[in-house]
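Everything on this sheet refers to the single structure shown next.
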Amino acid sequence: MNHYPVAVNSCKAYNDSLTELIYNQMKASGVTKEMLDGKKIAIKPNLVISKKPEIGATTHPVFLRCAVSALKMFGAENAEYIVAESSGGPYTTATIKNHYSVCGIGEECGAPLNYSTDAQIVMYPEGTTCKRFNVISPIAEADVILNVCKLKTHSLTKISCAQKNYFGVIPGIEKFEMHAAYSDQKDFRSMLCDLSEMLRSNKTLINVCDGILGMEGNGPTGGTPRHFGVVLTSLSPYCLDLAAEKILGFEGTAPMVTLAKERGLCPDSADKLTVLGESLDDLVIDDVVPPDSQRKTFLSQLPNIMGGKLAGFFSPKPYINTSKCVGCGECVRSCPMHTIELVEKSGKKQAKINRGDCILCYCCQELCPIVAVDVKQNFLIKLVH
Ligand code: SF4
Ligand code: SF4
């Protein structure tokens, strides 16, 4: 059964009243005490980068605390809870601590925080593109995942919501290796879908989306904070993402949602979703700014139609904004193709992209701490427009 209801409510602010709202959404979506009794429950926020909650890139600490409280209201007996996340960049105890600290996450969220860097191989023979994943241990060992995701734009996948948040179960820089291994964007999306399906094959996934303060523009980390004012819950990451895509005004254009439809993992239209709470039509925001990499015009679609080298030539590319770059080297470390180097310019270190091997994964843009990587359209497409 792949058509799960999605509970959707508007919500203006982060405060304790969220607990009841999320509990009611979980209950309406089908969460029961029996699902949780005696289970190992991993709570997976989105802490992709060390940035403060008001930037809109990471799960808000009040939202996380309320989501954990809501789950505990089911009164599960002998359940074990742990918060676990592998952010962008290296996965060491020191970096894990730093991410929790900067993102405002502490044990007051109601569950112990994971500091271990253990991971384990999980085989998934049914995978279409990827059949073997290395997964951080608290997630691999969990019976239930509470996926407390964030509603944002995303340069590679247009939106980052429930499905994309599962990429954070892959330890640290192995995420870059997966970008390199699946360098074609279609393969990468297929691998991500396999990852969610691998988790869904032996765990209960409870997906709750913090869509109160999100991000528009060059998400998932370098965009502009935007108040979307919504909270969504579903047992299906695909159905939740289908609803989120519609709310952001991107209906039919987010590639991960399109893939989920093609695989029969959600209805082929948001209008066919079972929506509980408020009407999706009433919550659509029609002026959300998409990432620069995803601004679609007829001409910008030509590369996809033509494919091959032309696709690479015409696609939006990352550029270092040399007036902002401070030469920290984070993009050098995060580039899966090792195609960025630090060069000396006027006595200062600056990043330089050697374009030949670039696979347009936009990891450099995602992980630059000071938003010094821009993505620009091909000059010919800009000229025509
Ligand atoms: S991560 Fe950003 S600031 Fe650091 S070197 Fe790269 S472009 Fe420059
Ligand atoms: S330069 Fe940036 S977009 Fe290109 S492969 Fe490296 S990280 Fe990805």
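Residues are named by chain letter and number: chains run A, B, ... in the order of the structure tokens, numbers start at 1 in each chain, and ligands are numbered from 1 in the order shown.
For Gly89 (chain A), the residues within 7 Å (counting only C-alpha atoms, excluding itself and residues fewer than 2 positions away along the chain) are Ser87, Tyr91, Gly172, Ile173 and Ser334 of chain A.
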According to DSSP computed on the backbone, where in region 141-303 of chain A is there strand (DSSP E or B)? Give the residues as a ChimeraX atom specification. /A:144-154,158-160,204-216,224-234,275-277
Find the residues near ligand 1. Use a cut-off of 12 Å, count only C-alpha atoms and all ligand atoms, and write them as number ranges by chain. A: 89, 222, 318-335, 339-344, 348-353, 362-375
Using only C-alpha atoms and all ligand atoms: which of A:Lys150, A:Lys246, A:Lys12, A:Lys317 has the shortest distance to ligand 2: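 When distances to ligand 2 are compared using only C-alpha atoms and all ligand atoms, the smallest one comes from A:Lys317.
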Which residue out of A:His179, A:Lys27, A:Arg132, A:Arg263 has the minimum interatomic distance to Leu276 (chain A) when only C-alpha atoms are used?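 Answer, going by the shortest atom-to-atom distance: A:Lys27.
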Which residue is closest to Ile105 (chain A)? Choose from A:Ile121, A:Leu64, A:Met215, A:Val144 and count only C-alpha atoms.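 Counting only C-alpha atoms, the residue closest to Ile105 (chain A) is A:Leu64.
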